[in-house]
Structures are given as structure tokens and as C-alpha cells.
file work-v7.pdb (PDB, C-alpha atoms, pLDDT in the B column)
ATOM      1  CA  MET E   1     114.029 108.917 114.580  1.00 62.00           C
ATOM      2  CA  GLY E   2     110.621 109.558 113.040  1.00 75.00           C
ATOM      3  CA  TYR E   3     107.208 107.952 113.585  1.00 82.00           C
ATOM      4  CA  PHE E   4     106.410 104.437 112.396  1.00 87.00           C
ATOM      5  CA  PRO E   5     102.940 104.368 110.764  1.00 87.00           C
ATOM      6  CA  PHE E   6     101.143 101.572 112.604  1.00 88.00           C
ATOM      7  CA  PHE E   7      97.644 100.814 111.337  1.00 91.00           C
ATOM      8  CA  VAL E   8      95.582  99.979 114.429  1.00 93.00           C
ATOM      9  CA  ASP E   9      92.129  98.400 114.602  1.00 95.00           C
ATOM     10  CA  LEU E  10      89.986 100.956 116.463  1.00 96.00           C
ATOM     11  CA  ASP E  11      86.647  99.244 115.932  1.00 97.00           C
ATOM     12  CA  GLY E  12      84.874  99.228 119.301  1.00 97.00           C
ATOM     13  CA  LYS E  13      87.867 100.689 121.147  1.00 98.00           C
ATOM     14  CA  GLN E  14      87.160 103.249 123.872  1.00 98.00           C
ATOM     15  CA  GLY E  15      88.526 106.722 123.179  1.00 98.00           C
ATOM     16  CA  LEU E  16      88.330 109.960 125.178  1.00 98.00           C
ATOM     17  CA  ILE E  17      88.497 113.430 123.675  1.00 98.00           C
ATOM     18  CA  VAL E  18      88.903 116.272 126.168  1.00 98.00           C
ATOM     19  CA  GLY E  19      87.705 119.483 124.582  1.00 97.00           C
ATOM     20  CA  GLY E  20      84.611 120.526 122.695  1.00 97.00           C
ATOM     21  CA  GLY E  21      85.877 123.001 120.111  1.00 97.00           C
ATOM     22  CA  ILE E  22      86.710 122.991 116.413  1.00 96.00           C
ATOM     23  CA  VAL E  23      89.935 121.033 116.927  1.00 95.00           C
ATOM     24  CA  ALA E  24      88.070 118.319 118.834  1.00 97.00           C
ATOM     25  CA  LEU E  25      85.480 118.221 116.058  1.00 97.00           C
ATOM     26  CA  ARG E  26      88.176 117.600 113.431  1.00 95.00           C
ATOM     27  CA  LYS E  27      89.626 114.735 115.478  1.00 96.00           C
ATOM     28  CA  ILE E  28      86.175 113.200 115.918  1.00 97.00           C
ATOM     29  CA  GLU E  29      85.470 113.395 112.195  1.00 96.00           C
ATOM     30  CA  ASN E  30      88.794 111.714 111.413  1.00 94.00           C
ATOM     31  CA  LEU E  31      88.203 108.904 113.907  1.00 96.00           C
ATOM     32  CA  LEU E  32      84.549 108.004 113.411  1.00 96.00           C
ATOM     33  CA  PRO E  33      84.939 106.124 110.085  1.00 93.00           C
ATOM     34  CA  TYR E  34      87.154 103.613 111.938  1.00 95.00           C
ATOM     35  CA  GLY E  35      84.512 102.636 114.497  1.00 96.00           C
ATOM     36  CA  PRO E  36      85.784 103.669 117.958  1.00 98.00           C
ATOM     37  CA  GLN E  37      83.442 104.365 120.884  1.00 98.00           C
ATOM     38  CA  LEU E  38      84.108 108.028 121.650  1.00 98.00           C
ATOM     39  CA  THR E  39      83.521 109.971 124.856  1.00 98.00           C
ATOM     40  CA  VAL E  40      83.875 113.757 124.610  1.00 98.00           C
ATOM     41  CA  ALA E  41      84.347 115.781 127.797  1.00 98.00           C
ATOM     42  CA  ALA E  42      84.042 119.570 127.906  1.00 98.00           C
ATOM     43  CA  MET E  43      82.103 122.331 129.609  1.00 97.00           C
ATOM     44  CA  SER E  44      80.588 123.279 126.245  1.00 96.00           C
ATOM     45  CA  PHE E  45      80.486 121.774 122.754  1.00 98.00           C
ATOM     46  CA  GLU E  46      80.467 123.050 119.213  1.00 97.00           C
ATOM     47  CA  SER E  47      76.994 122.593 117.776  1.00 97.00           C
ATOM     48  CA  GLU E  48      78.377 120.236 115.112  1.00 97.00           C
ATOM     49  CA  ILE E  49      79.687 117.918 117.829  1.00 98.00           C
ATOM     50  CA  GLU E  50      76.282 117.828 119.488  1.00 97.00           C
ATOM     51  CA  LYS E  51      74.735 116.718 116.184  1.00 97.00           C
ATOM     52  CA  ILE E  52      76.977 113.661 115.788  1.00 97.00           C
ATOM     53  CA  GLU E  53      75.192 110.456 116.707  1.00 95.00           C
ATOM     54  CA  GLY E  54      76.907 107.825 118.817  1.00 95.00           C
ATOM     55  CA  LEU E  55      79.072 110.137 120.935  1.00 98.00           C
ATOM     56  CA  LEU E  56      78.936 110.109 124.726  1.00 98.00           C
ATOM     57  CA  LEU E  57      79.046 113.786 125.723  1.00 98.00           C
ATOM     58  CA  LEU E  58      80.136 114.638 129.268  1.00 98.00           C
ATOM     59  CA  GLN E  59      79.463 118.276 130.034  1.00 97.00           C
ATOM     60  CA  LYS E  60      81.984 118.575 132.828  1.00 96.00           C
ATOM     61  CA  SER E  61      85.613 119.390 133.512  1.00 96.00           C
ATOM     62  CA  PHE E  62      88.254 116.741 133.025  1.00 98.00           C
ATOM     63  CA  ALA E  63      88.729 114.284 135.883  1.00 97.00           C
ATOM     64  CA  ALA E  64      91.324 111.523 136.102  1.00 97.00           C
ATOM     65  CA  ASP E  65      88.691 108.783 136.424  1.00 97.00           C
ATOM     66  CA  MET E  66      87.598 109.548 132.856  1.00 98.00           C
ATOM     67  CA  LEU E  67      90.721 107.699 131.717  1.00 98.00           C
ATOM     68  CA  GLU E  68      89.582 104.351 133.096  1.00 97.00           C
ATOM     69  CA  GLY E  69      89.185 101.762 130.362  1.00 97.00           C
ATOM     70  CA  LYS E  70      90.295 104.087 127.592  1.00 98.00           C
ATOM     71  CA  TYR E  71      92.461 102.801 124.761  1.00 98.00           C
ATOM     72  CA  PHE E  72      93.474 106.273 123.590  1.00 98.00           C
ATOM     73  CA  VAL E  73      92.990 109.890 124.644  1.00 98.00           C
ATOM     74  CA  ILE E  74      93.117 113.193 122.798  1.00 98.00           C
ATOM     75  CA  ALA E  75      93.793 116.359 124.775  1.00 98.00           C
ATOM     76  CA  ALA E  76      92.194 119.062 122.642  1.00 97.00           C
ATOM     77  CA  THR E  77      91.532 121.863 125.110  1.00 96.00           C
ATOM     78  CA  ASP E  78      92.788 125.439 124.814  1.00 94.00           C
ATOM     79  CA  ASP E  79      94.469 125.057 128.229  1.00 95.00           C
ATOM     80  CA  ARG E  80      98.075 124.002 127.591  1.00 94.00           C
ATOM     81  CA  GLU E  81      98.678 123.169 131.257  1.00 95.00           C
ATOM     82  CA  LEU E  82      95.619 120.928 131.423  1.00 97.00           C
ATOM     83  CA  ASN E  83      96.650 119.191 128.209  1.00 97.00           C
ATOM     84  CA  HIS E  84     100.007 118.374 129.804  1.00 96.00           C
ATOM     85  CA  VAL E  85      98.343 117.047 132.942  1.00 97.00           C
ATOM     86  CA  ILE E  86      96.241 114.730 130.778  1.00 98.00           C
ATOM     87  CA  ALA E  87      99.301 113.633 128.804  1.00 97.00           C
ATOM     88  CA  ASN E  88     101.293 112.836 131.946  1.00 97.00           C
ATOM     89  CA  LEU E  89      98.431 110.821 133.443  1.00 98.00           C
ATOM     90  CA  CYS E  90      98.024 108.853 130.219  1.00 98.00           C
ATOM     91  CA  GLN E  91     101.712 108.058 130.020  1.00 97.00           C
ATOM     92  CA  GLU E  92     101.684 106.849 133.633  1.00 97.00           C
ATOM     93  CA  LYS E  93      98.800 104.520 132.745  1.00 97.00           C
ATOM     94  CA  ASN E  94     100.289 103.460 129.376  1.00 97.00           C
ATOM     95  CA  ILE E  95      97.357 104.980 127.494  1.00 98.00           C
ATOM     96  CA  LEU E  96      98.028 106.322 124.016  1.00 97.00           C
ATOM     97  CA  VAL E  97      97.678 110.104 124.038  1.00 97.00           C
ATOM     98  CA  ASN E  98      97.646 112.854 121.440  1.00 96.00           C
ATOM     99  CA  VAL E  99      98.037 116.476 122.539  1.00 96.00           C
ATOM    100  CA  VAL E 100      97.001 118.989 119.906  1.00 91.00           C
ATOM    101  CA  ASP E 101      99.753 121.352 118.764  1.00 82.00           C
ATOM    102  CA  ASP E 102     102.335 119.774 121.090  1.00 88.00           C
ATOM    103  CA  ARG E 103     104.187 116.951 119.402  1.00 87.00           C
ATOM    104  CA  GLU E 104     106.590 116.418 122.309  1.00 89.00           C
ATOM    105  CA  ALA E 105     103.710 115.546 124.654  1.00 92.00           C
ATOM    106  CA  CYS E 106     102.226 112.969 122.266  1.00 93.00           C
ATOM    107  CA  THR E 107     102.697 109.234 122.221  1.00 94.00           C
ATOM    108  CA  PHE E 108     100.958 109.126 118.849  1.00 93.00           C
ATOM    109  CA  ILE E 109     100.253 111.714 116.180  1.00 90.00           C
ATOM    110  CA  PHE E 110      97.475 112.111 113.618  1.00 89.00           C
ATOM    111  CA  PRO E 111      98.498 111.683 110.005  1.00 91.00           C
ATOM    112  CA  CYS E 112      96.812 113.518 107.178  1.00 92.00           C
ATOM    113  CA  LEU E 113      94.323 110.881 106.002  1.00 92.00           C
ATOM    114  CA  VAL E 114      92.966 109.721 102.686  1.00 93.00           C
ATOM    115  CA  LYS E 115      90.190 107.132 103.024  1.00 91.00           C
ATOM    116  CA  LYS E 116      88.261 105.557 100.196  1.00 89.00           C
ATOM    117  CA  GLY E 117      86.478 102.351 101.136  1.00 87.00           C
ATOM    118  CA  ARG E 118      89.073  99.836 102.281  1.00 90.00           C
ATOM    119  CA  LEU E 119      91.930 102.082 101.201  1.00 93.00           C
ATOM    120  CA  THR E 120      93.522 104.254 103.872  1.00 94.00           C
ATOM    121  CA  ALA E 121      96.645 106.329 103.286  1.00 94.00           C
ATOM    122  CA  GLY E 122      98.289 108.321 106.060  1.00 93.00           C
ATOM    123  CA  ILE E 123     100.718 111.168 105.367  1.00 94.00           C
ATOM    124  CA  SER E 124     102.944 112.781 107.973  1.00 91.00           C
ATOM    125  CA  THR E 125     105.740 115.311 107.840  1.00 89.00           C
ATOM    126  CA  GLU E 126     106.334 114.843 111.605  1.00 83.00           C
ATOM    127  CA  GLY E 127     104.974 118.343 112.100  1.00 79.00           C
ATOM    128  CA  ALA E 128     107.479 119.968 109.755  1.00 85.00           C
ATOM    129  CA  SER E 129     104.855 121.139 107.264  1.00 89.00           C
ATOM    130  CA  PRO E 130     101.116 120.456 107.627  1.00 87.00           C
ATOM    131  CA  SER E 131     100.694 122.263 104.306  1.00 94.00           C
ATOM    132  CA  GLY E 132     103.076 119.775 102.719  1.00 96.00           C
ATOM    133  CA  ALA E 133     101.061 116.864 104.074  1.00 94.00           C
ATOM    134  CA  ILE E 134      97.840 118.358 102.715  1.00 94.00           C
ATOM    135  CA  TYR E 135      99.502 118.857  99.316  1.00 96.00           C
ATOM    136  CA  ILE E 136     100.469 115.173  99.145  1.00 96.00           C
ATOM    137  CA  LYS E 137      96.990 114.172 100.356  1.00 95.00           C
ATOM    138  CA  GLU E 138      95.365 116.015  97.461  1.00 96.00           C
ATOM    139  CA  LYS E 139      97.792 114.425  94.991  1.00 96.00           C
ATOM    140  CA  ILE E 140      96.983 110.935  96.308  1.00 95.00           C
ATOM    141  CA  LYS E 141      93.252 111.607  95.978  1.00 94.00           C
ATOM    142  CA  GLN E 142      93.845 112.510  92.327  1.00 94.00           C
ATOM    143  CA  TRP E 143      95.863 109.312  91.741  1.00 94.00           C
ATOM    144  CA  ILE E 144      93.189 106.950  93.054  1.00 93.00           C
ATOM    145  CA  PRO E 145      91.343 105.468  90.068  1.00 90.00           C
ATOM    146  CA  GLU E 146      87.587 105.715  89.757  1.00 88.00           C
ATOM    147  CA  ASN E 147      85.674 102.664  91.034  1.00 92.00           C
ATOM    148  CA  PHE E 148      88.630 101.774  93.262  1.00 95.00           C
ATOM    149  CA  GLU E 149      86.306 100.998  96.168  1.00 95.00           C
ATOM    150  CA  GLU E 150      84.396  98.542  93.989  1.00 96.00           C
ATOM    151  CA  ILE E 151      87.646  96.930  92.837  1.00 96.00           C
ATOM    152  CA  LEU E 152      88.916  96.442  96.388  1.00 96.00           C
ATOM    153  CA  GLU E 153      85.598  94.933  97.484  1.00 96.00           C
ATOM    154  CA  PHE E 154      85.750  92.525  94.548  1.00 96.00           C
ATOM    155  CA  LEU E 155      89.330  91.468  95.329  1.00 96.00           C
ATOM    156  CA  GLU E 156      88.494  90.957  99.012  1.00 96.00           C
ATOM    157  CA  ASP E 157      85.456  88.869  98.071  1.00 96.00           C
ATOM    158  CA  LYS E 158      87.537  86.606  95.807  1.00 96.00           C
ATOM    159  CA  ARG E 159      90.530  86.073  98.125  1.00 95.00           C
ATOM    160  CA  GLY E 160      89.081  82.969  99.757  1.00 95.00           C
ATOM    161  CA  ILE E 161      88.181  81.398  96.424  1.00 95.00           C
ATOM    162  CA  VAL E 162      91.669  81.970  95.029  1.00 95.00           C
ATOM    163  CA  LYS E 163      93.282  80.490  98.158  1.00 94.00           C
ATOM    164  CA  LYS E 164      91.136  77.342  97.895  1.00 93.00           C
ATOM    165  CA  ARG E 165      91.723  76.770  94.204  1.00 92.00           C
ATOM    166  CA  ILE E 166      95.378  77.830  93.847  1.00 90.00           C
ATOM    167  CA  SER E 167      97.496  75.902  96.349  1.00 86.00           C
ATOM    168  CA  VAL E 168     100.979  77.131  95.382  1.00 87.00           C
ATOM    169  CA  GLU E 169     101.772  80.428  97.094  1.00 88.00           C
ATOM    170  CA  GLY E 170     103.857  81.904  94.287  1.00 89.00           C
ATOM    171  CA  GLN E 171     101.177  81.091  91.718  1.00 90.00           C
ATOM    172  CA  ARG E 172      98.516  82.524  94.019  1.00 92.00           C
ATOM    173  CA  THR E 173     100.430  85.811  94.239  1.00 93.00           C
ATOM    174  CA  MET E 174     100.552  85.950  90.451  1.00 92.00           C
ATOM    175  CA  VAL E 175      96.779  85.424  90.294  1.00 95.00           C
ATOM    176  CA  PHE E 176      96.105  88.235  92.762  1.00 95.00           C
ATOM    177  CA  THR E 177      98.380  90.513  90.742  1.00 95.00           C
ATOM    178  CA  GLU E 178      96.687  89.583  87.466  1.00 95.00           C
ATOM    179  CA  LEU E 179      93.233  90.167  88.924  1.00 96.00           C
ATOM    180  CA  PHE E 180      94.248  93.572  90.242  1.00 96.00           C
ATOM    181  CA  GLU E 181      95.889  94.625  86.978  1.00 96.00           C
ATOM    182  CA  GLN E 182      92.888  93.545  84.924  1.00 96.00           C
ATOM    183  CA  CYS E 183      90.552  95.475  87.218  1.00 96.00           C
ATOM    184  CA  LEU E 184      92.690  98.592  86.809  1.00 94.00           C
ATOM    185  CA  GLU E 185      92.823  98.173  83.043  1.00 94.00           C
ATOM    186  CA  LYS E 186      89.043  97.769  82.790  1.00 94.00           C
ATOM    187  CA  GLY E 187      88.323 100.380  85.449  1.00 94.00           C
ATOM    188  CA  ARG E 188      85.899  98.080  87.283  1.00 95.00           C
ATOM    189  CA  ALA E 189      85.501  94.785  89.070  1.00 96.00           C
ATOM    190  CA  LEU E 190      85.738  91.712  86.822  1.00 96.00           C
ATOM    191  CA  THR E 191      82.700  89.714  85.818  1.00 96.00           C
ATOM    192  CA  GLU E 192      82.443  86.103  87.011  1.00 96.00           C
ATOM    193  CA  GLU E 193      83.421  84.934  83.538  1.00 96.00           C
ATOM    194  CA  GLU E 194      86.527  87.140  83.523  1.00 96.00           C
ATOM    195  CA  PHE E 195      87.444  86.011  87.038  1.00 96.00           C
ATOM    196  CA  GLU E 196      87.066  82.342  86.114  1.00 95.00           C
ATOM    197  CA  ALA E 197      89.186  82.866  82.997  1.00 95.00           C
ATOM    198  CA  VAL E 198      92.098  84.141  85.116  1.00 94.00           C
ATOM    199  CA  LEU E 199      91.788  81.197  87.518  1.00 93.00           C
ATOM    200  CA  HIS E 200      91.473  78.672  84.687  1.00 90.00           C
ATOM    201  CA  LEU E 201      94.625  79.967  83.014  1.00 90.00           C
ATOM    202  CA  ALA E 202      96.538  79.863  86.303  1.00 86.00           C
ATOM    203  CA  GLN E 203      95.392  76.318  87.059  1.00 83.00           C
ATOM    204  CA  ASN E 204      96.422  75.149  83.579  1.00 80.00           C
ATOM    205  CA  ASP E 205      99.866  76.709  83.990  1.00 69.00           C
ATOM    206  CA  LEU E 206     100.207  75.082  87.406  1.00 55.00           C
ATOM    207  CA  SER E 207      99.247  71.630  86.119  1.00 54.00           C
ATOM    208  CA  GLN E 208     101.874  71.879  83.399  1.00 53.00           C
ATOM    209  CA  ILE E 209     104.542  72.771  85.986  1.00 46.00           C
ATOM    210  CA  LEU E 210     103.550  69.871  88.253  1.00 44.00           C
TER
END
call {"tool": "encode", "arguments": {"input": "work-v7.pdb", "output": "C-alpha cells"}}
result
Amino acid sequence: MGYFPFFVDLDGKQGLIVGGGIVALRKIENLLPYGPQLTVAAMSFESEIEKIEGLLLLQKSFAADMLEGKYFVIAATDDRELNHVIANLCQEKNILVNVVDDREACTFIFPCLVKKGRLTAGISTEGASPSGAIYIKEKIKQWIPENFEEILEFLEDKRGIVKKRISVEGQRTMVFTELFEQCLEKGRALTEEEFEAVLHLAQNDLSQIL
């Protein structure tokens, strides 16, 4: 049936990663930009993991009580049997779990991610071809215009103003579209004068309709 790509707010959520190797490091690096509170449990850790600030490192074997209060868990050990034990416990407790290299044991999977400011794109082939996902990721990175982060920040900053000054929903949608298209055309955020010109034109059109 495939995987539906939910976008979940992880800011401040408690996550557990069991394993301290290269695979665990990759998962940590993917997760950290989204703000979760991560605990990493293993008997030893890659040096790069030890250098990451903000992690809670537990230098001990996995124990079931580590799952308490966790929103999600990643089983990233090199012990397949242990990974399955962790997965089964998580499913019993309705905790989201990802088991590396074992899609059938997962209740969620990691997409191949592109993140640039407020833009996040996730690509998945459902495990059919990680190379294919990476290929698409690189293509998406090439398609993203320069200054796109600045443009998105500008549009987010102006959303409230547009909503206050343009009361008709359909007209408001047209304004948002026009602002975005002008930003793309200019390759930057609009100046205040350019922004006001778009709003003024939209308000004039709206007054003529009413």
C-alpha cells in the first residue's frame, strides 16, 4: 500500500536511539535540525556522536525502561535479534519505531531528506532503491532557486499582514501566489515598496468587485 509521508513536529519530542555506530550517527544528523531531545544508548559511541552537543549519552546496554516517555525509537544496533526485541516492545507500547535495514519491523521509515530553511522535501522508494532516492534528492537540490530560504522567510513574515488586509479568501490566495511568483522572478525577497504595490493592486481590484 505504500507509506504516507506525514510531516510531524518533533520539536522537544523525546527520542531514543539504540546503537552508537555510523548508522546511528546518520540518524542523529538527520533528526537534529528538527529539534527533538535525543537519548543515545550504547556500550560505545563513534567519536563524532560524542562531539554532538545536546545528546544524552547512556553508556549501557538496552533496557526496556529506556522506552518510558519516548515519542519515537530507532533501533540501530548490529544485533538483529536485539533490534527486533526493541521493535516488539515499541509496538506493544504504541511507540513509533524504526529498525535499520529491516523495513518489515518498522512503524515508520526515514525518507531521503532535502532541507533548506523552512523547506523540507522527503523522498522514499519504500526501500526499492536507496540509490534512486539519492538521485532524486540531488535533482531537487539543483532545482531549488538561490535565496529560497530568504524568500520563504519573507513570505512567512508577510502572511499575517496579507490576512488582515485582504479579507476575501480567493483574493488572498491570488496575492500569495503573486508575491511568490514575483520573488522567484526577482530571485530575492520583495522590498516593502514592492510588497505594498502588490497589496494595493489587489485591494483596488477587490473594491471594484464589491
call {"tool": "residues_around", "arguments": {"input": "work-v7.pdb", "residues": "region 22-34 of chain E", "least_positions_apart": "5", "cutoff": "12 Å", "atoms": "only C-alpha atoms", "output": "PDB file with C-alpha atoms, in the frame of the given file"}}
result
ATOM      1  CA  PHE E   7      97.644 100.814 111.337  1.00 91.00           C
ATOM      2  CA  VAL E   8      95.582  99.979 114.429  1.00 93.00           C
ATOM      3  CA  ASP E   9      92.129  98.400 114.602  1.00 95.00           C
ATOM      4  CA  LEU E  10      89.986 100.956 116.463  1.00 96.00           C
ATOM      5  CA  ASP E  11      86.647  99.244 115.932  1.00 97.00           C
ATOM      6  CA  GLY E  12      84.874  99.228 119.301  1.00 97.00           C
ATOM      7  CA  LYS E  13      87.867 100.689 121.147  1.00 98.00           C
ATOM      8  CA  GLN E  14      87.160 103.249 123.872  1.00 98.00           C
ATOM      9  CA  GLY E  15      88.526 106.722 123.179  1.00 98.00           C
ATOM     10  CA  LEU E  16      88.330 109.960 125.178  1.00 98.00           C
ATOM     11  CA  ILE E  17      88.497 113.430 123.675  1.00 98.00           C
ATOM     12  CA  THR E  39      83.521 109.971 124.856  1.00 98.00           C
ATOM     13  CA  VAL E  40      83.875 113.757 124.610  1.00 98.00           C
ATOM     14  CA  ALA E  41      84.347 115.781 127.797  1.00 98.00           C
ATOM     15  CA  ALA E  42      84.042 119.570 127.906  1.00 98.00           C
ATOM     16  CA  SER E  44      80.588 123.279 126.245  1.00 96.00           C
ATOM     17  CA  PHE E  45      80.486 121.774 122.754  1.00 98.00           C
ATOM     18  CA  GLU E  46      80.467 123.050 119.213  1.00 97.00           C
ATOM     19  CA  SER E  47      76.994 122.593 117.776  1.00 97.00           C
ATOM     20  CA  GLU E  48      78.377 120.236 115.112  1.00 97.00           C
ATOM     21  CA  ILE E  49      79.687 117.918 117.829  1.00 98.00           C
ATOM     22  CA  GLU E  50      76.282 117.828 119.488  1.00 97.00           C
ATOM     23  CA  LYS E  51      74.735 116.718 116.184  1.00 97.00           C
ATOM     24  CA  ILE E  52      76.977 113.661 115.788  1.00 97.00           C
ATOM     25  CA  GLU E  53      75.192 110.456 116.707  1.00 95.00           C
ATOM     26  CA  GLY E  54      76.907 107.825 118.817  1.00 95.00           C
ATOM     27  CA  LEU E  55      79.072 110.137 120.935  1.00 98.00           C
ATOM     28  CA  LEU E  56      78.936 110.109 124.726  1.00 98.00           C
ATOM     29  CA  PHE E  72      93.474 106.273 123.590  1.00 98.00           C
ATOM     30  CA  VAL E  73      92.990 109.890 124.644  1.00 98.00           C
ATOM     31  CA  ILE E  74      93.117 113.193 122.798  1.00 98.00           C
ATOM     32  CA  ALA E  75      93.793 116.359 124.775  1.00 98.00           C
ATOM     33  CA  ALA E  76      92.194 119.062 122.642  1.00 97.00           C
ATOM     34  CA  THR E  77      91.532 121.863 125.110  1.00 96.00           C
ATOM     35  CA  ASP E  78      92.788 125.439 124.814  1.00 94.00           C
ATOM     36  CA  ASN E  98      97.646 112.854 121.440  1.00 96.00           C
ATOM     37  CA  VAL E  99      98.037 116.476 122.539  1.00 96.00           C
ATOM     38  CA  VAL E 100      97.001 118.989 119.906  1.00 91.00           C
ATOM     39  CA  ASP E 101      99.753 121.352 118.764  1.00 82.00           C
ATOM     40  CA  ILE E 109     100.253 111.714 116.180  1.00 90.00           C
ATOM     41  CA  PHE E 110      97.475 112.111 113.618  1.00 89.00           C
ATOM     42  CA  PRO E 111      98.498 111.683 110.005  1.00 91.00           C
ATOM     43  CA  CYS E 112      96.812 113.518 107.178  1.00 92.00           C
ATOM     44  CA  LEU E 113      94.323 110.881 106.002  1.00 92.00           C
ATOM     45  CA  VAL E 114      92.966 109.721 102.686  1.00 93.00           C
ATOM     46  CA  LYS E 115      90.190 107.132 103.024  1.00 91.00           C
ATOM     47  CA  LYS E 116      88.261 105.557 100.196  1.00 89.00           C
ATOM     48  CA  GLY E 117      86.478 102.351 101.136  1.00 87.00           C
ATOM     49  CA  ARG E 118      89.073  99.836 102.281  1.00 90.00           C
ATOM     50  CA  LEU E 119      91.930 102.082 101.201  1.00 93.00           C
ATOM     51  CA  THR E 120      93.522 104.254 103.872  1.00 94.00           C
ATOM     52  CA  GLY E 122      98.289 108.321 106.060  1.00 93.00           C
TER      53      GLY E 122
END
call {"tool": "closest_residue", "arguments": {"input": "work-v7.pdb", "among": "E:Leu82, E:Ile95, E:Ile166, E:Met43", "to": "Leu57 (chain E)", "atoms": "only C-alpha atoms"}}
result
E:Met43
call {"tool": "resolve_selection", "arguments": {"input": "work-v7.pdb", "expression": "the PyMOL selection byres ((chain E and resi 154-162) around 10)", "output": "number ranges by chain"}}
result
E: 118, 148-153, 163-167, 172-173, 175-176, 179-180, 183, 188-191, 195, 199
call {"tool": "closest_residue", "arguments": {"input": "work-v7.pdb", "among": "E:Ile134, E:Leu67, E:Val168, E:Ile140", "to": "Cys90 (chain E)", "atoms": "only C-alpha atoms"}}
result
E:Leu67
call {"tool": "atom_distance", "arguments": {"input": "work-v7.pdb", "atom1": "CA of Gly20 (chain E)", "atom2": "CA of Ile86 (chain E)"}}
result
15.3 Å
call {"tool": "closest_residue", "arguments": {"input": "work-v7.pdb", "among": "E:Glu138, E:Glu169, E:Glu81, E:Glu194", "to": "Asp102 (chain E)", "atoms": "only C-alpha atoms"}}
result
E:Glu81
call {"tool": "build_atoms", "arguments": {"input": "work-v7.pdb", "residues": "region 19-32 of chain E", "atoms": "N, CA, C and O atoms", "output": "mmCIF file, in the coordinates of the input"}}
result
data_model
loop_
_atom_site.group_PDB
_atom_site.id
_atom_site.type_symbol
_atom_site.label_atom_id
_atom_site.label_comp_id
_atom_site.auth_asym_id
_atom_site.auth_seq_id
_atom_site.Cartn_x
_atom_site.Cartn_y
_atom_site.Cartn_z
ATOM 1 N N GLY E 19 87.821 118.249 125.351
ATOM 2 C CA GLY E 19 87.705 119.483 124.582
ATOM 3 C C GLY E 19 86.491 119.414 123.680
ATOM 4 O O GLY E 19 86.172 118.330 123.165
ATOM 5 N N GLY E 20 85.824 120.533 123.490
ATOM 6 C CA GLY E 20 84.611 120.526 122.695
ATOM 7 C C GLY E 20 84.596 121.532 121.575
ATOM 8 O O GLY E 20 83.523 121.880 121.057
ATOM 9 N N GLY E 21 85.784 121.973 121.141
ATOM 10 C CA GLY E 21 85.877 123.001 120.111
ATOM 11 C C GLY E 21 86.079 122.459 118.710
ATOM 12 O O GLY E 21 85.896 121.264 118.444
ATOM 13 N N ILE E 22 86.514 123.346 117.819
ATOM 14 C CA ILE E 22 86.710 122.991 116.413
ATOM 15 C C ILE E 22 87.785 121.914 116.251
ATOM 16 O O ILE E 22 87.643 120.990 115.444
ATOM 17 N N VAL E 23 88.859 122.025 117.034
ATOM 18 C CA VAL E 23 89.935 121.033 116.927
ATOM 19 C C VAL E 23 89.413 119.653 117.331
ATOM 20 O O VAL E 23 89.687 118.647 116.661
ATOM 21 N N ALA E 24 88.657 119.589 118.414
ATOM 22 C CA ALA E 24 88.070 118.319 118.834
ATOM 23 C C ALA E 24 87.149 117.765 117.755
ATOM 24 O O ALA E 24 87.148 116.557 117.468
ATOM 25 N N LEU E 25 86.377 118.649 117.134
ATOM 26 C CA LEU E 25 85.480 118.221 116.058
ATOM 27 C C LEU E 25 86.251 117.574 114.920
ATOM 28 O O LEU E 25 85.846 116.517 114.403
ATOM 29 N N ARG E 26 87.369 118.172 114.519
ATOM 30 C CA ARG E 26 88.176 117.600 113.431
ATOM 31 C C ARG E 26 88.692 116.216 113.800
ATOM 32 O O ARG E 26 88.702 115.297 112.976
ATOM 33 N N LYS E 27 89.133 116.041 115.042
ATOM 34 C CA LYS E 27 89.626 114.735 115.478
ATOM 35 C C LYS E 27 88.502 113.705 115.451
ATOM 36 O O LYS E 27 88.701 112.562 115.029
ATOM 37 N N ILE E 28 87.326 114.099 115.918
ATOM 38 C CA ILE E 28 86.175 113.200 115.918
ATOM 39 C C ILE E 28 85.845 112.759 114.498
ATOM 40 O O ILE E 28 85.630 111.562 114.235
ATOM 41 N N GLU E 29 85.810 113.712 113.588
ATOM 42 C CA GLU E 29 85.470 113.395 112.195
ATOM 43 C C GLU E 29 86.495 112.468 111.566
ATOM 44 O O GLU E 29 86.135 111.599 110.751
ATOM 45 N N ASN E 30 87.766 112.609 111.929
ATOM 46 C CA ASN E 30 88.794 111.714 111.413
ATOM 47 C C ASN E 30 88.646 110.300 111.964
ATOM 48 O O ASN E 30 88.900 109.315 111.265
ATOM 49 N N LEU E 31 88.241 110.193 113.226
ATOM 50 C CA LEU E 31 88.203 108.904 113.907
ATOM 51 C C LEU E 31 86.961 108.081 113.600
ATOM 52 O O LEU E 31 87.038 106.847 113.488
ATOM 53 N N LEU E 32 85.823 108.727 113.478
ATOM 54 C CA LEU E 32 84.549 108.004 113.411
ATOM 55 C C LEU E 32 84.461 106.939 112.312
ATOM 56 O O LEU E 32 83.873 105.878 112.546
#
